[in-house]
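So the structure is just underneath, and the comments pick up after that.
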Number of protein chains: 2
Amino acid sequence: MADKNIPYKIYLEEDEMPLAWYNLRADMKKKPAPLLNPETHKPMTAEELEPVFCRDLIQQELDDTTPYFEIPQEIRNFYRMYRPSPLVRAYCLEEKLQTPAKIYYKFEGSNTSGSHKLNSAIAQAYYAKKQGLRGVTTETGAGQWGTALSMACAYLGLDCKVYMVKCSYEQKPFRREVMRTYGASVTPSPSMDTEVGRRILAEHPGTGGSLGCAISEAVEKAENTEGYRYVLGSVLNQVMLHQTVIGLETKTAMDKYGIKPDLIIGCAGGGSNLGGLIAPFMGEKLRGEADYRFIAVEPASCPSLSRGIYAYDYCDTGKVCPLAKMYTLGSGFMPAANHAGGLRYHGMNPILSQLRYDGLLEAVSVPQTSVFEAAEIFAKVEGILPAPESSHAIKIAIDEAMRCKETGEEKTILFGLTGTGYFDMLAYEKFHNGQMTDYIPSDEEIQANFSKLPAVE
Amino acid sequence: MADKNIPYKIYLEEDEMPLAWYNLRADMKKKPAPLLNPETHKPMTAEELEPVFCRDLIQQELDDTTPYFEIPQEIRNFYRMYRPSPLVRAYCLEEKLQTPAKIYYKFEGSNTSGSHKLNSAIAQAYYAKKQGLRGVTTETGAGQWGTALSMACAYLGLDCKVYMVKCSYEQKPFRREVMRTYGASVTPSPSMDTEVGRRILAEHPGTGGSLGCAISEAVEKAENTEGYRYVLGSVLNQVMLHQTVIGLETKTAMDKYGIKPDLIIGCAGGGSNLGGLIAPFMGEKLRGEADYRFIAVEPASCPSLSRGIYAYDYCDTGKVCPLAKMYTLGSGFMPAANHAGGLRYHGMNPILSQLRYDGLLEAVSVPQTSVFEAAEIFAKVEGILPAPESSHAIKIAIDEAMRCKETGEEKTILFGLTGTGYFDMLAYEKFHNGQMTDYIPSDEEIQANFSKLPAVE
């Protein structure tokens with residue numbers, strides 16, 4: 001059944017691992033629009049960002065011309081604890097589907113944080129430490145990012161303060177305990193810790209919180225605490241930069257075996273894992289060296305890239321963060337209550353947004369029950385229990401493989417398997433019990449928040 | 001900080017993976033005592049075992065002379081989905097401890113079942129399928145074995161019926177859902193499904209169940225259901241045989257880099273992971289080719305190998321299984337109520353028991369709070385959240401490394417890291433909240449059940 005020359009799992013040697021992250025913006029002719037000051041609507045300067053973000057990270061955030069950023073030795077040491085991650089040939093899935101397509105996935109779940117988030121967490125924690133800071137603040141929704149950051153901070157001896165969306169804090173006590181195992185302090189958001197938290201609690205007593213609200217609290221806390229800065233797990237360009245380690249490893253492994261993907265698929269919430277996976281391939285496409293199809297997969301209930309508007313918007317509920325030009329559903333958008341799992345952010349990374357706008361990246365959205373169906377097929381044959389988020393990519397990979405079965409095409413499909421679903425069993429339970437429902441917002445609902453976008457000319 | 005020639009993680013190539021399991025008994029001069037028929041006290045024959053166990057597995061159980069059993073191609077294909085597992089040099093832990101010792105661990109948690117159990121689950125499911133069976137029954141306590149078997153059965157299209165100790169069924173709903181994701185049927189034990197279950201429920205209404213009781217139910221169900229057999233996740237010699245894939249990979253990897261361990265450490269519940277890890281090294285020792293120290297680590301609250309009696313005993317509460325000669329606390333022994341995690345079986349694998357009796361294997365027991373302390377140290381620096389069971393080995397590895405620090409010896413320590421603790425966060429939570437207590441049974445308590453052993457001359 002197996003191609004004689006392609007192993008089940010391709011692991012790079014340690015000396016084949018990337019030495020630098022790739023800054024895709026350097027190869028983009030149409031650059032993503034700059035972050036704007038929320039009050040003046042002028043491009044944010046490094047100085048303005050300093051009270052909130054770490055110095056080196058600001059440079060990475062703003063620089064759109066330097067093609068490579070060296071990965072510091074300390075970060076490469078940490079990467080070696082859990083990287084290279086395997087590039088897996090999905091022989092068992094291919095056989096199950098009886099498809100002529102060749103399917104590969106890059107698996108980022110083989111570390112305790114259970115996801116790709118660690119790639120950026122260690123980088124951000126490293127630069128905070130290098131700057132002599134005492135600690136960092138952040139928000140977490142489903143908990144993957146908070147876990148990853150807690151691990152990275154424990155490793156470097158940095159304080160870590162996590163604002164966890166209150167409903168997740170209550171529904172996912174085990175996630176909370178993992179973070180505590182790594183020594184983080186975890187606060188349910190909204191909290192009485194911050195002004196914005198107190199304001200939101202006063203306006204909406206009993207609210208379960210939101211990602212946008214937790215971001216506002218974490219930013220405020222960082223600004224008001226000596227020796228602290230704020231770090232973020234997705235959306236920002238710096239995060240996507242760090243995540244290019246995924247795509248760079250994948251490309252090296254594929255090149256080594258002479259594999260060329262026709263189609264590259266990833267789930268998209270804030271966009272960093274998808275951006276990191278596709279970056280080196282997209283770079284080739286932008287430079288006219290090769291051609292690939294790229295597909296972003298979103299939940300039907302939160303389809304920023306596939307159904308949102310491309311405009312400047314607030315990144316958080318409290319409107320304290322810079323404005324970003326991106327595909328957005330409006331910062332007031334909330335996914336329907338039956339939405340399970342992550343991928344619930346209202347906007348999308350500015351680089352991916354620009355690529356989408358320029359027709360270089362496709363976007364589709366899928367209902368969640370179809371995602372869990374795909375997850376279960378995958379788990380049974382490939383032996384990995386995928387995170388609901390990652391399973392969005394599985395769903396479309398299977399769809400495309402089935403299309404190949406109809407047409408007889410032997411396409412090579414690559415997708416990103418960002419993490420495992422160990423902490424998502426409540427959602428799986430709902431699915432098993434037939435209690436999971438789908439919700440596809442109407443055009444009216446999608447557009448309801450468009451009028452509240454900031455007026456940027 | 002790193003030895004120039006030893007990478008953080010040693011992965012074997014696919015063509016370096018073992019082609020056969022190693023049967024340590026072939027090299028033992030003093031063979032383990034045979035299983036006995038619980039009624040006649042005569043050695044069990046293959047025919048007598050046939051109604052309960054699969055044919056090929058019976059052969060593996062009884063054969064104490066054939067040194068190698070070929071691993072069927074189908075099982076090797078499955079192994080390649082998640083094996084080879086990494087042999088990790090614990091550089092970060094060494095640095096944290098400031099020890100001159102060199103620490104290695106073989107990590108078996110990088111698959112969805114989260115533990116080494118999958119190595120035997122796929123083998124047992126394969127032989128059941130080969131024999132033309134419809135399904136298998138089993139018991140599970142903490143849930144690792146049930147998860148692994150569900151995965152293996154899903155892969156091969158076999159029915160899987162799991163009796164899950166009732167208190168775990170209720171306290172670990174997520175484990176249950178993982179099994180359901182793989183299509184297993186999961187029943188809390190004791191249940192009304194079986195005669196033995198009904199009897200126990202009548203005698204002890206409201207009981208939370210026990211492993212011994214769940215075994216009895218699974219055996220009865222297999223005997224009474226057409227096309228079913230019973231499979232077991234530890235204790236048996238066949239299970240240890242399959243687990244030698246761990247030790248064989250480890251030995252190949254160490255030989256490749258010229259590493260020779262002084263000390264090999266593993267946790268011990270039923271004994272299969274420890275036996276599998278040490279087997280090829282113990283073989284060398286038995287053949288006089290090399291010398292190593294071997295240490296089995298048990299919970300203080302269930303210390304069969306370190307404080308039990310070496311005698312024939314029942315393997316299950318219902319007394320329907322064959323008698324095994326082993327270190328045992330008596331089949332009526334129950335760990336104290338504050339005991340967290342697995343490693344709660346009253347007996348020990350017969351091969352390990354014989355080795356212990358012959359002075360070839362050391363055994364120690366450790367209180368659980370010290371185990372969680374070690375787990376947390378390890379998690380913070382090595383980035384893997386260990387299962388409580390596995391952390392018993394970590395605890396002693398750290399103790400030995402600290403001893404090296406005192407003496408200045410540069411010992412090479414190898415331990416087995418059998419799995420991850422994703423589903424054990426309730427226990428971690430207790431530990432974080434200072435609610436975890438220790439219990440060390442008195443000699444009187446340990447010996448309380450010795451008088452109820454079967455009278456075998």
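Each chain of the structure tokens is named A, B, ... in the order shown, its residues numbered from 1; ligands are numbered from 1 in display order.
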At a cut-off of 7 Å, can you tabulate as a Markdown table every residue of chain A near chain B together with its closest atom pair and the distance in Å to one decimal, using only C-alpha atoms and ordering rows by chain then number?
```
| residue | atom | partner | partner_atom | distance |
| --- | --- | --- | --- | --- |
| A:Tyr8 | CA | B:Arg80 | CA | 6.4 |
| A:Arg80 | CA | B:Tyr8 | CA | 6.4 |
| A:Met81 | CA | B:Tyr8 | CA | 6.4 |
| A:Ser110 | CA | B:Ser110 | CA | 6.0 |
| A:Asn111 | CA | B:Ile384 | CA | 6.5 |
| A:Thr112 | CA | B:Ile384 | CA | 4.9 |
| A:Met151 | CA | B:Lys380 | CA | 6.5 |
| A:Ala154 | CA | B:Lys380 | CA | 5.6 |
| A:Tyr155 | CA | B:Val381 | CA | 5.5 |
| A:Phe174 | CA | B:Met425 | CA | 5.3 |
| A:Glu177 | CA | B:Glu429 | CA | 5.9 |
| A:Thr181 | CA | B:Glu376 | CA | 6.3 |
| A:Tyr182 | CA | B:Lys380 | CA | 5.7 |
| A:Glu376 | CA | B:Thr181 | CA | 6.3 |
| A:Lys380 | CA | B:Ala154 | CA | 5.5 |
| A:Val381 | CA | B:Tyr155 | CA | 5.5 |
| A:Gly383 | CA | B:Thr112 | CA | 6.1 |
| A:Ile384 | CA | B:Thr112 | CA | 4.9 |
| A:Leu385 | CA | B:Thr112 | CA | 5.7 |
| A:Tyr422 | CA | B:Tyr422 | CA | 6.7 |
| A:Met425 | CA | B:Phe174 | CA | 5.3 |
| A:Tyr428 | CA | B:Glu177 | CA | 6.9 |
| A:Glu429 | CA | B:Glu177 | CA | 5.9 |
```
(message) Residues of region 143-260 of chain A classed as strand (DSSP E) by DSSP on the backbone are to be reported as an NGL selection string.
(response) :A and (159-165 or 185-189 or 228-230)
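Counting only C-alpha atoms and comparing A:Gln171, A:Asn37, A:Gln124, A:Thr412, the residue that lies closest to Pro72 (chain A) is A:Gln124.
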(request) For Gly143 (chain B), please output as number ranges by chain all residues within 8 Å (counting only C-alpha atoms; exclusion window: fewer than 2 positions along the same chain). (result) B: 140-141, 145-147, 164, 168, 175-176
(request) Run DSSP on the backbone and grab whatever in region 67-192 of chain B lands in helix (DSSP H, G or I); send it over as a ChimeraX atom specification. (result) /B:73-82,91-97,118-130,144-156,166-171,173-181
(message) as a ChimeraX atom specification, please: the residues near region 203-211 of chain B (cut-off 7 Å, only C-alpha atoms, same-chain neighbours under 5 positions excluded).
(response) /B:141,165-167,189-190
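When only C-alpha atoms are used to compute distances to Met28 (chain A), the closest of the residues A:Leu133, A:Met282, A:Val456, A:Ala296 turns out to be A:Met282.
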(message) If we count only C-alpha atoms and set the cut-off at 10 Å, which residues sit around Val231 (chain B), ignoring sequence neighbours fewer than 4 positions away in its own chain? Please answer as a VMD selection string.
(response) chain B and resid 52 to 54 57 120 to 121 124 to 125 128 136 to 139 149 215 218 to 219 222 236 239
Selection above as a file: N, CA and C atoms, as a short mmCIF file (atom, residue, chain, number, x, y, z; two decimals), in the first residue's frame:
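Produced file part-v9.cif, reproduced below:
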```cif
data_model
loop_
_atom_site.label_atom_id
_atom_site.label_comp_id
_atom_site.auth_asym_id
_atom_site.auth_seq_id
_atom_site.Cartn_x
_atom_site.Cartn_y
_atom_site.Cartn_z
N VAL B 52 -11.46 -18.32 26.35
CA VAL B 52 -11.30 -16.94 26.84
C VAL B 52 -10.36 -16.12 25.96
N PHE B 53 -9.22 -16.73 25.58
CA PHE B 53 -8.18 -15.97 24.89
C PHE B 53 -8.07 -16.34 23.41
N CYS B 54 -7.46 -15.48 22.62
CA CYS B 54 -7.21 -15.76 21.20
C CYS B 54 -6.08 -16.78 21.07
N LEU B 57 -2.36 -15.71 20.80
CA LEU B 57 -1.94 -15.07 22.05
C LEU B 57 -1.70 -16.11 23.15
N SER B 120 0.50 -3.14 22.66
CA SER B 120 -0.10 -4.46 22.82
C SER B 120 -1.52 -4.50 22.30
N ALA B 121 -2.24 -3.38 22.39
CA ALA B 121 -3.63 -3.35 21.92
C ALA B 121 -3.73 -3.74 20.45
N GLN B 124 -3.02 -7.53 20.04
CA GLN B 124 -4.11 -8.40 20.49
C GLN B 124 -5.31 -8.30 19.54
N ALA B 125 -5.61 -7.09 19.10
CA ALA B 125 -6.74 -6.93 18.17
C ALA B 125 -6.42 -7.63 16.85
N ALA B 128 -6.99 -11.36 17.17
CA ALA B 128 -8.43 -11.63 17.26
C ALA B 128 -9.06 -11.60 15.87
N VAL B 136 -13.90 -8.10 20.86
CA VAL B 136 -13.18 -8.41 22.09
C VAL B 136 -13.81 -7.64 23.26
N THR B 137 -13.60 -8.21 24.45
CA THR B 137 -14.01 -7.51 25.67
C THR B 137 -12.77 -7.20 26.49
N THR B 138 -12.87 -6.19 27.31
CA THR B 138 -11.75 -5.90 28.21
C THR B 138 -12.24 -5.04 29.35
N GLU B 139 -11.33 -4.79 30.30
CA GLU B 139 -11.64 -3.87 31.40
C GLU B 139 -10.69 -2.69 31.28
N LEU B 149 -7.17 0.12 23.18
CA LEU B 149 -7.84 -1.01 22.53
C LEU B 149 -8.94 -0.52 21.58
N ILE B 215 -12.43 -7.04 35.39
CA ILE B 215 -11.83 -8.17 34.68
C ILE B 215 -12.79 -9.34 34.66
N ALA B 218 -15.57 -8.77 32.18
CA ALA B 218 -15.13 -8.84 30.78
C ALA B 218 -14.87 -10.29 30.37
N VAL B 219 -14.30 -11.09 31.27
CA VAL B 219 -14.04 -12.50 30.97
C VAL B 219 -15.36 -13.25 30.77
N ALA B 222 -16.99 -12.38 27.49
CA ALA B 222 -16.31 -13.00 26.34
C ALA B 222 -16.69 -14.47 26.22
N LEU B 236 -0.16 -10.03 31.96
CA LEU B 236 0.14 -11.27 31.22
C LEU B 236 1.50 -11.19 30.52
N VAL B 239 1.50 -9.67 26.99
CA VAL B 239 1.47 -8.20 26.94
C VAL B 239 2.89 -7.66 27.08
#
```
(message) Using Å and a single decimal, report how far CA of Ala214 (chain B) sits from CA of Lys42 (chain B).
(response) 25.4 Å
Using only C-alpha atoms, find each residue of region 186-277 of chain B with at least one atom at most 12 Å away from an atom of region 394-406 of chain B; report its shortest atom-to-atom pair and that distance in Å (one decimal), sort the rows by chain and rising residue number, and return the result as a tab-separated table.
```
residue	atom	partner	partner_atom	distance
B:Asp262	CA	B:Glu400	CA	11.0
B:Leu263	CA	B:Ala397	CA	8.9
B:Ile264	CA	B:Ala397	CA	8.8
B:Ile265	CA	B:Ala397	CA	6.9
B:Gly266	CA	B:Ile394	CA	8.4
B:Cys267	CA	B:Ile394	CA	8.7
```
Selection above as a file: N, CA, C and O atoms, as an mmCIF file, in the first residue's frame:
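As a result, out02.cif now contains:
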```cif
data_model
loop_
_atom_site.group_PDB
_atom_site.id
_atom_site.type_symbol
_atom_site.label_atom_id
_atom_site.label_comp_id
_atom_site.auth_asym_id
_atom_site.auth_seq_id
_atom_site.Cartn_x
_atom_site.Cartn_y
_atom_site.Cartn_z
ATOM 1 N N ASP B 262 23.565 2.852 32.987
ATOM 2 C CA ASP B 262 23.954 2.159 34.211
ATOM 3 C C ASP B 262 22.728 1.655 34.951
ATOM 4 O O ASP B 262 22.767 0.659 35.645
ATOM 5 N N LEU B 263 21.633 2.385 34.752
ATOM 6 C CA LEU B 263 20.466 2.249 35.605
ATOM 7 C C LEU B 263 19.230 2.374 34.725
ATOM 8 O O LEU B 263 19.120 3.318 33.962
ATOM 9 N N ILE B 264 18.310 1.412 34.834
ATOM 10 C CA ILE B 264 17.088 1.477 34.034
ATOM 11 C C ILE B 264 15.894 1.437 34.976
ATOM 12 O O ILE B 264 15.767 0.528 35.799
ATOM 13 N N ILE B 265 15.024 2.439 34.828
ATOM 14 C CA ILE B 265 13.951 2.671 35.799
ATOM 15 C C ILE B 265 12.606 2.692 35.100
ATOM 16 O O ILE B 265 12.464 3.305 34.037
ATOM 17 N N GLY B 266 11.618 2.045 35.694
ATOM 18 C CA GLY B 266 10.279 2.140 35.139
ATOM 19 C C GLY B 266 9.237 2.031 36.231
ATOM 20 O O GLY B 266 9.493 1.448 37.293
ATOM 21 N N CYS B 267 8.048 2.596 35.990
ATOM 22 C CA CYS B 267 6.958 2.411 36.932
ATOM 23 C C CYS B 267 6.377 1.012 36.723
ATOM 24 O O CYS B 267 6.518 0.436 35.653
#
```
(request) Might you pull out every residue within 9 Å of Arg25 (chain B), with only C-alpha atoms counted and same-chain residues fewer than 3 positions away left off, and present them as number ranges by chain? (result) B: 22, 28-32, 63-67, 283, 351
(request) Please provide the set of residues having any atom within 10 Å of Asp56 (chain A), restricted to only C-alpha atoms, with same-chain residues fewer than 3 positions apart removed, written as a list in words. (result) Ala46, Glu50, Phe53, Gln59, Gln60, Glu61, Gln124, Tyr126, Tyr127, Ala128, Lys130, Gln131 and Gln238 of chain A
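Separating CA of Leu343 (chain A) from CA of Val196 (chain A) is a distance of 23.6 Å.
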